[in-house]
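**Q** The file below is run22.csv, CSV, C-alpha atoms:
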chain,number,residue,atom,x,y,z
S,1,MET,CA,182.4,189.3,98.1
S,2,LYS,CA,185.9,187.7,98.2
S,3,LEU,CA,186.1,184.5,96.2
S,4,ASP,CA,188.1,181.3,96.6
S,5,LEU,CA,187.8,180.4,92.9
S,6,LEU,CA,187.1,182.5,89.8
S,7,ALA,CA,186.8,181.1,86.3
S,8,ILE,CA,187.5,183.5,83.5
S,9,ALA,CA,186.3,182.7,79.9
S,10,PRO,CA,185.7,184.6,76.7
S,11,HIS,CA,182.1,183.5,76.1
S,12,PRO,CA,179.0,182.4,78.0
S,13,ASP,CA,179.0,178.6,78.1
S,14,ASP,CA,182.8,178.3,77.9
S,15,VAL,CA,183.1,177.7,81.7
S,16,GLU,CA,180.3,175.2,81.7
S,17,LEU,CA,182.0,173.2,78.9
S,18,THR,CA,185.6,173.3,80.1
S,19,CYS,CA,185.5,173.4,83.9
S,20,GLY,CA,181.8,173.3,84.9
S,21,GLY,CA,182.1,170.1,86.9
S,22,THR,CA,185.1,171.4,88.8
S,23,MET,CA,183.3,174.7,89.6
S,24,LEU,CA,180.3,172.8,90.9
S,25,LYS,CA,182.4,170.4,92.9
S,26,MET,CA,184.2,173.3,94.6
S,27,ALA,CA,180.9,175.1,95.3
S,28,GLN,CA,179.6,171.9,96.9
S,29,ALA,CA,182.7,171.8,99.0
S,30,GLY,CA,181.8,175.1,100.5
S,31,TYR,CA,184.1,177.4,98.5
S,32,ARG,CA,182.9,180.7,97.2
S,33,THR,CA,183.1,180.5,93.4
S,34,GLY,CA,182.5,183.0,90.6
S,35,ILE,CA,182.5,183.2,86.8
S,36,LEU,CA,183.6,186.2,84.7
S,37,ASP,CA,182.5,186.0,81.1
S,38,LEU,CA,184.4,188.5,78.9
S,39,THR,CA,182.0,188.9,76.1
S,40,ARG,CA,178.3,188.3,75.4
S,41,GLY,CA,179.0,186.1,72.4
S,42,GLU,CA,177.3,188.5,70.1
S,43,THR,CA,179.0,187.5,66.9
S,44,GLY,CA,177.8,183.9,67.3
S,45,THR,CA,175.5,182.4,64.8
S,46,ARG,CA,172.9,181.3,67.3
S,47,GLY,CA,170.9,183.2,69.9
S,48,THR,CA,171.1,186.8,70.9
S,49,PRO,CA,173.3,188.6,73.4
S,50,GLU,CA,170.3,189.1,75.7
S,51,THR,CA,169.3,185.4,75.4
S,52,ARG,CA,172.8,184.2,76.2
S,53,LEU,CA,173.0,186.5,79.3
S,54,LYS,CA,169.8,184.9,80.6
S,55,GLU,CA,171.1,181.5,79.9
S,56,ALA,CA,174.4,182.2,81.6
S,57,LYS,CA,172.6,183.4,84.7
S,58,ARG,CA,170.6,180.2,84.8
S,59,ALA,CA,173.6,178.0,84.2
S,60,GLY,CA,175.6,179.9,86.9
S,61,LYS,CA,172.9,179.1,89.5
S,62,ILE,CA,173.1,175.4,88.5
S,63,LEU,CA,176.8,175.4,89.1
S,64,GLY,CA,176.4,177.2,92.5
S,65,ALA,CA,178.4,180.3,91.5
S,66,LYS,CA,178.1,183.1,94.0
S,67,VAL,CA,179.0,185.7,91.4
S,68,ARG,CA,178.6,185.8,87.6
S,69,ARG,CA,179.7,188.9,85.7
S,70,ASN,CA,179.9,189.8,82.0
S,71,LEU,CA,182.4,192.5,81.0
S,72,GLU,CA,180.7,193.0,77.6
S,73,LEU,CA,184.0,193.2,75.8
S,74,PRO,CA,183.7,192.9,72.0
S,75,ASP,CA,183.2,189.3,70.9
S,76,ALA,CA,185.7,188.0,68.3
S,77,ARG,CA,187.7,191.1,69.0
S,78,LEU,CA,189.5,190.4,72.2
S,79,GLN,CA,193.0,191.8,72.2
S,80,VAL,CA,195.8,192.2,74.6
S,81,CYS,CA,195.5,195.9,75.3
S,82,ASP,CA,195.4,198.1,78.4
S,83,GLU,CA,191.6,198.8,78.3
S,84,GLN,CA,190.6,195.2,78.2
S,85,LYS,CA,193.3,194.0,80.6
S,86,GLU,CA,192.4,196.7,83.2
S,87,ALA,CA,188.7,195.8,83.0
S,88,ILE,CA,189.6,192.3,84.1
S,89,ALA,CA,192.2,193.5,86.7
S,90,ALA,CA,189.6,195.7,88.3
S,91,VAL,CA,187.4,192.6,88.9
S,92,ILE,CA,190.4,190.7,90.3
S,93,ARG,CA,191.1,193.5,92.8
S,94,GLU,CA,187.4,193.6,93.8
S,95,LEU,CA,186.8,189.8,94.2
S,96,GLU,CA,190.3,188.8,95.3
S,97,PRO,CA,190.1,185.2,94.1
S,98,HIS,CA,192.7,182.8,95.6
S,99,THR,CA,192.6,180.6,92.5
S,100,VAL,CA,191.8,181.6,88.9
S,101,ILE,CA,190.9,179.3,86.0
S,102,LEU,CA,191.8,180.5,82.5
S,103,PRO,CA,191.4,179.0,79.0
S,104,TYR,CA,194.4,177.1,77.7
S,105,TRP,CA,196.8,179.4,75.9
S,106,GLN,CA,196.3,177.7,72.5
S,107,GLY,CA,193.1,177.0,70.7
S,108,ARG,CA,190.9,177.2,67.6
S,109,HIS,CA,189.1,180.4,68.5
S,110,PRO,CA,191.3,183.5,68.8
S,111,ASP,CA,189.2,184.8,71.8
S,112,HIS,CA,190.2,181.7,73.8
S,113,TYR,CA,194.0,182.0,73.5
S,114,THR,CA,193.7,185.8,73.8
S,115,ALA,CA,191.6,185.5,77.0
S,116,ALA,CA,194.4,183.3,78.4
S,117,THR,CA,197.0,186.0,77.9
S,118,LEU,CA,194.6,188.8,79.0
S,119,GLY,CA,193.7,186.9,82.1
S,120,TRP,CA,197.3,186.2,83.1
S,121,GLU,CA,198.4,189.8,82.5
S,122,ALA,CA,195.4,191.2,84.3
S,123,CYS,CA,196.2,189.0,87.4
S,124,PHE,CA,199.7,190.3,87.3
S,125,VAL,CA,199.0,194.1,87.0
S,126,ALA,CA,196.2,193.8,89.6
S,127,GLY,CA,199.0,193.1,92.1
S,128,LEU,CA,201.0,196.2,91.2
S,129,LYS,CA,200.5,198.7,94.1
S,130,ASN,CA,201.3,201.7,92.0
S,131,TYR,CA,199.4,200.6,88.9
S,132,ALA,CA,196.7,203.2,88.1
S,133,LEU,CA,193.7,201.1,88.9
S,134,ALA,CA,190.9,201.4,91.4
S,135,GLY,CA,191.0,199.2,94.5
S,136,ASP,CA,193.8,197.7,96.6
S,137,ALA,CA,196.6,195.8,95.0
S,138,PHE,CA,195.8,192.0,94.9
S,139,ARG,CA,197.3,189.1,93.0
S,140,PRO,CA,195.8,185.5,92.9
S,141,PHE,CA,197.9,182.8,94.5
S,142,LYS,CA,197.3,180.1,91.8
S,143,ILE,CA,196.4,180.2,88.1
S,144,ILE,CA,195.4,177.0,86.3
S,145,TYR,CA,194.4,176.4,82.7
S,146,ALA,CA,191.4,174.4,81.5
S,147,ALA,CA,192.7,171.8,79.1
S,148,ALA,CA,189.4,170.7,77.5
S,149,TYR,CA,189.7,172.5,74.2
S,150,ALA,CA,193.4,171.7,73.7
S,151,ASP,CA,195.3,168.7,72.5
S,152,VAL,CA,197.5,168.7,75.6
S,153,ARG,CA,198.2,166.2,78.3
S,154,PRO,CA,196.8,167.7,81.6
S,155,THR,CA,199.0,168.3,84.6
S,156,PHE,CA,196.2,167.0,86.8
S,157,ALA,CA,192.5,166.1,86.5
S,158,VAL,CA,189.5,166.6,88.8
S,159,ASP,CA,187.1,163.7,89.3
S,160,ILE,CA,183.6,165.1,88.4
S,161,THR,CA,181.7,161.9,88.2
S,162,ALA,CA,179.3,162.9,90.9
S,163,GLN,CA,178.9,166.4,89.3
S,164,TYR,CA,178.6,165.2,85.7
S,165,ASN,CA,174.8,165.2,85.3
S,166,ARG,CA,174.4,168.6,86.8
S,167,ARG,CA,177.3,169.9,84.7
S,168,ARG,CA,175.4,168.6,81.7
S,169,GLN,CA,172.2,170.5,82.9
S,170,ALA,CA,174.3,173.7,83.1
S,171,ILE,CA,175.6,173.2,79.5
S,172,LEU,CA,172.1,172.5,78.2
S,173,ALA,CA,170.8,175.6,79.9
S,174,TYR,CA,172.2,177.3,76.8
S,175,THR,CA,169.1,176.3,74.8
S,176,SER,CA,169.9,178.7,72.0
S,177,GLN,CA,173.3,177.1,71.4
S,178,PHE,CA,172.7,173.4,72.0
S,179,ARG,CA,168.9,172.9,71.5
S,180,PRO,CA,168.1,175.3,68.7
S,181,PRO,CA,165.0,174.9,66.5
S,182,LYS,CA,165.7,172.9,63.4
S,183,ARG,CA,165.3,176.0,61.2
S,184,ASP,CA,168.2,177.6,63.1
S,185,ARG,CA,170.5,174.7,62.3
S,186,ARG,CA,170.6,175.4,58.6
S,187,SER,CA,173.8,177.3,57.9
S,188,LYS,CA,176.4,177.5,55.2
S,189,VAL,CA,179.0,177.6,57.9
S,190,LEU,CA,180.0,174.5,59.8
S,191,LEU,CA,178.9,174.8,63.4
S,192,PRO,CA,180.8,172.6,65.8
S,193,LEU,CA,178.1,173.5,68.4
S,194,ASP,CA,175.9,170.7,67.0
S,195,GLU,CA,178.3,168.0,68.4
S,196,LEU,CA,180.1,170.1,71.1
S,197,GLU,CA,178.2,168.9,74.2
S,198,GLU,CA,178.7,165.3,73.1
S,199,ARG,CA,182.4,165.9,72.4
S,200,MET,CA,183.0,167.5,75.8
S,201,SER,CA,181.4,164.4,77.4
S,202,ASP,CA,183.9,162.2,75.4
S,203,ILE,CA,186.7,164.4,76.7
S,204,ALA,CA,185.5,164.1,80.3
S,205,ARG,CA,185.4,160.3,79.8
S,206,HIS,CA,188.9,160.4,78.4
S,207,TYR,CA,190.3,162.4,81.3
S,208,GLY,CA,188.4,160.1,83.7
S,209,ARG,CA,190.1,157.0,82.3
S,210,MET,CA,193.4,158.7,82.9
S,211,ILE,CA,192.8,158.9,86.7
S,212,GLY,CA,190.7,155.8,87.0
S,213,VAL,CA,187.2,157.4,87.4
S,214,LYS,CA,184.2,157.8,85.0
S,215,TYR,CA,184.4,161.5,84.3
S,216,ALA,CA,187.1,164.1,84.9
S,217,GLU,CA,188.2,167.6,83.8
S,218,GLY,CA,191.8,168.2,83.0
S,219,PHE,CA,194.0,171.2,83.9
S,220,VAL,CA,197.4,172.5,83.1
S,221,VAL,CA,199.8,174.5,85.3
S,222,LYS,CA,203.1,176.1,84.3
S,223,GLU,CA,204.8,175.6,87.6
S,224,VAL,CA,205.9,172.3,89.2
S,225,MET,CA,203.2,170.7,91.4
S,226,ARG,CA,204.1,170.1,95.0
S,227,ALA,CA,203.5,166.8,96.9
S,228,ASP,CA,204.2,166.3,100.6
S,229,ASP,CA,203.2,162.7,101.0
S,230,VAL,CA,204.4,160.4,98.2
S,231,VAL,CA,202.9,157.4,99.8
S,232,LYS,CA,199.3,158.8,99.4
S,233,LEU,CA,199.6,160.0,95.8
S,234,PRO,CA,196.4,159.0,94.0
S,235,VAL,CA,196.1,157.2,90.6
S,236,ARG,CA,197.8,153.8,90.0
S,237,SER,CA,201.0,153.6,88.0
S,238,MET,CA,200.4,150.0,86.9
Give the structure from the file, written as structure tokens.

**A**
Amino acid sequence: MKLDLLAIAPHPDDVELTCGGTMLKMAQAGYRTGILDLTRGETGTRGTPETRLKEAKRAGKILGAKVRRNLELPDARLQVCDEQKEAIAAVIRELEPHTVILPYWQGRHPDHYTAATLGWEACFVAGLKNYALAGDAFRPFKIIYAAAYADVRPTFAVDITAQYNRRRQAILAYTSQFRPPKRDRRSKVLLPLDELEERMSDIARHYGRMIGVKYAEGFVVKEVMRADDVVKLPVRSM
């Protein structure tokens, strides 16, 4: 299946948290969307890899994704190396996504910023005809970065007000992470998970205020955005 949009993230639930509303909105618009999780999140404090895979499958259906894969790369050990890069590039060549969403290139978790670099380099080498990799050379047209985890002003934001409640359902499909038994909440390590869903809602409200809607998801691009009609540009200046 060839995709219009592919979101790549290091752990199950990252896509739901950072760009789930956008993924759902694009699916509802008729685009073929997919999710590529790089690891099973096996080093996380809560849940098991098997549980998280089941939760990811359920959440992907809620978001309307046509494809959801997990490369089962080592969690907390992502690194920019040929083996991991080529695993992602092989999926890029197979699914031929027009647009790819990556994590922002800075962040608290090393897997997040590493996934950004891995994803970018994988998209590049997938387009090299003579690169030793199965499949025909293909390179995505557009790469955008989800800004949700980063302290950065987004280049643009997507109104997800209509998709917000369903996005929340997808996030909370990860019961092991966000609705664990009380006994599993006792830990000597601070777990941001306990407030993460609420924090992401606050971020969605913040981005929404930036563009005059209730909820939005922000994205960053490295290149200049093009506008052909400056009279119809959205979002008021004053």

**Q** Would you please work out which residue, of S:Pro12, S:Pro103, S:Pro234, S:Gly218, is nearest to Lys57 (chain S) when using all atoms listed in the file?

**A** S:Pro12

**Q** Write out as number ranges by chain the residues lying within 9 Å of Gln106 (chain S), counting all atoms listed in the file and excluding same-chain residues fewer than 6 positions away.

**A** S: 112-114, 116, 149-150

**Q** How would the residues just chosen look if you wrote them out with C-alpha atoms as a CSV table (one decimal), in the coordinates of the input?

**A**
chain,number,residue,atom,x,y,z
S,112,HIS,CA,190.2,181.7,73.8
S,113,TYR,CA,194.0,182.0,73.5
S,114,THR,CA,193.7,185.8,73.8
S,116,ALA,CA,194.4,183.3,78.4
S,149,TYR,CA,189.7,172.5,74.2
S,150,ALA,CA,193.4,171.7,73.7

**Q** Identify which of the residues S:Leu73, S:Ala173, S:Met200, S:Ala132 lies closest to Thr43 (chain S), counting all atoms listed in the file when measuring atom-to-atom distances.

**A** S:Leu73

**Q** Skip Asp159 (chain S) itself and residues of its chain fewer than 5 positions away, then list as number ranges by chain all residues within 10 Å of it, counting all atoms listed in the file.

**A** S: 21-22, 25, 164, 204, 207-208, 211-218

**Q** Please provide the set of residues having any atom within 9 Å of Ser176 (chain S), restricted to all atoms listed in the file, with same-chain residues fewer than 3 positions apart removed, written as a list in words.

**A**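 Counting all atoms listed in the file, the residues come to Arg46, Gly47, Thr48, Thr51, Arg52, Glu55, Ala173, Arg179, Pro180 and Pro181 of chain S.
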
**Q** Which one of S:Ala76, S:Leu233, S:Leu38, S:Val220 sits closest to Ala147 (chain S) if you count only C-alpha atoms?

**A**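 So, comparing all the options, the nearest one is S:Val220.
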
**Q** What separation in Å, quoted to one decimal, exists between CA of Val100 (chain S) and CA of Ala7 (chain S)?

**A**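 Taking CA of Val100 (chain S) and CA of Ala7 (chain S), their separation equals 5.7 Å.
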
**Q** Could you name the residues that touch region 139-146 of chain S at 10 Å or less, counting only C-alpha atoms, but leaving out those on the same chain fewer than 6 positions away, as an MDAnalysis selection string?

**A** chainID S and resid 4:9 15 17:19 89 92:93 96:105 116 119:120 122:128 154:155 157 217:223

**Q** Kindly give the distance, in Å, that separates CA of Leu78 (chain S) and CA of Gln177 (chain S), rounded to a single decimal.

**A**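 Result for CA of Leu78 (chain S) versus CA of Gln177 (chain S): 21.0 Å, one decimal.
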
**Q** What's the separation between CA of Arg68 (chain S) and CA of Arg205 (chain S), in Å to one decimal place?

**A**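 Interatomic distance here is 27.5 Å.
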
**Q** Could you give me the centre and size, in Å to one decimal, of an axis-aligned box around all listed atoms of region 141-155 of chain S with 8 Å added on every side, as JSON?

**A**
{"center_x": 194.2, "center_y": 174.5, "center_z": 83.5, "size_x": 25.6, "size_y": 32.6, "size_z": 38.0}

**Q** Rank nothing, just name the residue among S:Arg40, S:Glu94, S:Gly107, S:Phe178 nearest to Val67 (chain S), using all atoms listed in the file.

**A**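 The shortest atom-to-atom distance to Val67 (chain S) comes from S:Glu94.
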
**Q** Reconstruct N, CA and C atoms of region 152-186 of chain S from the incomplete input and present them as a JSON list (two decimals), in the coordinates of the input.

**A**
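The resulting out12.json:
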[["chain", "number", "residue", "atom", "x", "y", "z"],
["S", 152, "VAL", "N", 196.38, 168.58, 74.62],
["S", 152, "VAL", "CA", 197.50, 168.70, 75.60],
["S", 152, "VAL", "C", 197.24, 167.68, 76.70],
["S", 153, "ARG", "N", 198.32, 167.10, 77.21],
["S", 153, "ARG", "CA", 198.20, 166.20, 78.30],
["S", 153, "ARG", "C", 198.06, 167.02, 79.61],
["S", 154, "PRO", "N", 197.00, 166.84, 80.39],
["S", 154, "PRO", "CA", 196.80, 167.70, 81.60],
["S", 154, "PRO", "C", 197.84, 167.39, 82.66],
["S", 155, "THR", "N", 198.14, 168.40, 83.43],
["S", 155, "THR", "CA", 199.00, 168.30, 84.60],
["S", 155, "THR", "C", 198.30, 167.45, 85.68],
["S", 156, "PHE", "N", 197.01, 167.73, 85.85],
["S", 156, "PHE", "CA", 196.20, 167.00, 86.80],
["S", 156, "PHE", "C", 194.76, 167.01, 86.33],
["S", 157, "ALA", "N", 193.95, 166.15, 86.91],
["S", 157, "ALA", "CA", 192.50, 166.10, 86.50],
["S", 157, "ALA", "C", 191.69, 165.98, 87.79],
["S", 158, "VAL", "N", 190.49, 166.53, 87.70],
["S", 158, "VAL", "CA", 189.50, 166.60, 88.80],
["S", 158, "VAL", "C", 188.41, 165.57, 88.53],
["S", 159, "ASP", "N", 188.16, 164.67, 89.45],
["S", 159, "ASP", "CA", 187.10, 163.70, 89.30],
["S", 159, "ASP", "C", 185.73, 164.47, 89.42],
["S", 160, "ILE", "N", 184.95, 164.46, 88.35],
["S", 160, "ILE", "CA", 183.60, 165.10, 88.40],
["S", 160, "ILE", "C", 182.51, 164.14, 88.13],
["S", 161, "THR", "N", 182.75, 162.87, 88.43],
["S", 161, "THR", "CA", 181.70, 161.90, 88.20],
["S", 161, "THR", "C", 180.42, 162.20, 88.89],
["S", 162, "ALA", "N", 180.52, 162.62, 90.14],
["S", 162, "ALA", "CA", 179.30, 162.90, 90.90],
["S", 162, "ALA", "C", 178.65, 164.22, 90.41],
["S", 163, "GLN", "N", 179.41, 165.07, 89.74],
["S", 163, "GLN", "CA", 178.90, 166.40, 89.30],
["S", 163, "GLN", "C", 178.51, 166.33, 87.78],
["S", 164, "TYR", "N", 178.74, 165.20, 87.12],
["S", 164, "TYR", "CA", 178.60, 165.20, 85.70],
["S", 164, "TYR", "C", 177.19, 165.52, 85.19],
["S", 165, "ASN", "N", 176.17, 164.91, 85.77],
["S", 165, "ASN", "CA", 174.80, 165.20, 85.30],
["S", 165, "ASN", "C", 174.39, 166.61, 85.50],
["S", 166, "ARG", "N", 174.78, 167.19, 86.61],
["S", 166, "ARG", "CA", 174.40, 168.60, 86.80],
["S", 166, "ARG", "C", 175.24, 169.51, 85.93],
["S", 167, "ARG", "N", 176.49, 169.15, 85.66],
["S", 167, "ARG", "CA", 177.30, 169.90, 84.70],
["S", 167, "ARG", "C", 176.58, 169.90, 83.35],
["S", 168, "ARG", "N", 176.07, 168.75, 82.95],
["S", 168, "ARG", "CA", 175.40, 168.60, 81.70],
["S", 168, "ARG", "C", 174.11, 169.53, 81.67],
["S", 169, "GLN", "N", 173.40, 169.59, 82.79],
["S", 169, "GLN", "CA", 172.20, 170.50, 82.90],
["S", 169, "GLN", "C", 172.66, 171.93, 82.68],
["S", 170, "ALA", "N", 173.81, 172.30, 83.24],
["S", 170, "ALA", "CA", 174.30, 173.70, 83.10],
["S", 170, "ALA", "C", 174.64, 173.97, 81.62],
["S", 171, "ILE", "N", 175.27, 173.00, 80.95],
["S", 171, "ILE", "CA", 175.60, 173.20, 79.50],
["S", 171, "ILE", "C", 174.33, 173.34, 78.71],
["S", 172, "LEU", "N", 173.37, 172.46, 78.95],
["S", 172, "LEU", "CA", 172.10, 172.50, 78.20],
["S", 172, "LEU", "C", 171.20, 173.61, 78.56],
["S", 173, "ALA", "N", 171.56, 174.37, 79.60],
["S", 173, "ALA", "CA", 170.80, 175.60, 79.90],
["S", 173, "ALA", "C", 170.94, 176.60, 78.79],
["S", 174, "TYR", "N", 171.99, 176.43, 77.98],
["S", 174, "TYR", "CA", 172.20, 177.30, 76.80],
["S", 174, "TYR", "C", 171.35, 176.73, 75.65],
["S", 175, "THR", "N", 170.05, 176.85, 75.79],
["S", 175, "THR", "CA", 169.10, 176.30, 74.80],
["S", 175, "THR", "C", 169.39, 176.83, 73.41],
["S", 176, "SER", "N", 169.70, 178.10, 73.33],
["S", 176, "SER", "CA", 169.90, 178.70, 72.00],
["S", 176, "SER", "C", 171.10, 178.13, 71.28],
["S", 177, "GLN", "N", 172.05, 177.59, 72.03],
["S", 177, "GLN", "CA", 173.30, 177.10, 71.40],
["S", 177, "GLN", "C", 173.18, 175.57, 71.13],
["S", 178, "PHE", "N", 172.61, 174.82, 72.07],
["S", 178, "PHE", "CA", 172.70, 173.40, 72.00],
["S", 178, "PHE", "C", 171.35, 172.67, 71.74],
["S", 179, "ARG", "N", 170.25, 173.43, 71.81],
["S", 179, "ARG", "CA", 168.90, 172.90, 71.50],
["S", 179, "ARG", "C", 168.14, 173.83, 70.63],
["S", 180, "PRO", "N", 168.74, 174.30, 69.56],
["S", 180, "PRO", "CA", 168.10, 175.30, 68.70],
["S", 180, "PRO", "C", 166.96, 174.66, 67.88],
["S", 181, "PRO", "N", 165.95, 175.45, 67.46],
["S", 181, "PRO", "CA", 165.00, 174.90, 66.50],
["S", 181, "PRO", "C", 165.66, 174.45, 65.24],
["S", 182, "LYS", "N", 165.08, 173.45, 64.56],
["S", 182, "LYS", "CA", 165.70, 172.90, 63.40],
["S", 182, "LYS", "C", 165.99, 173.95, 62.32],
["S", 183, "ARG", "N", 165.11, 174.93, 62.21],
["S", 183, "ARG", "CA", 165.30, 176.00, 61.20],
["S", 183, "ARG", "C", 166.57, 176.78, 61.45],
["S", 184, "ASP", "N", 166.99, 176.85, 62.73],
["S", 184, "ASP", "CA", 168.20, 177.60, 63.10],
["S", 184, "ASP", "C", 169.46, 176.81, 62.82],
["S", 185, "ARG", "N", 169.31, 175.52, 62.48],
["S", 185, "ARG", "CA", 170.50, 174.70, 62.30],
["S", 185, "ARG", "C", 170.96, 174.71, 60.82],
["S", 186, "ARG", "N", 170.18, 175.35, 59.96],
["S", 186, "ARG", "CA", 170.60, 175.40, 58.60],
["S", 186, "ARG", "C", 171.57, 176.59, 58.41]]
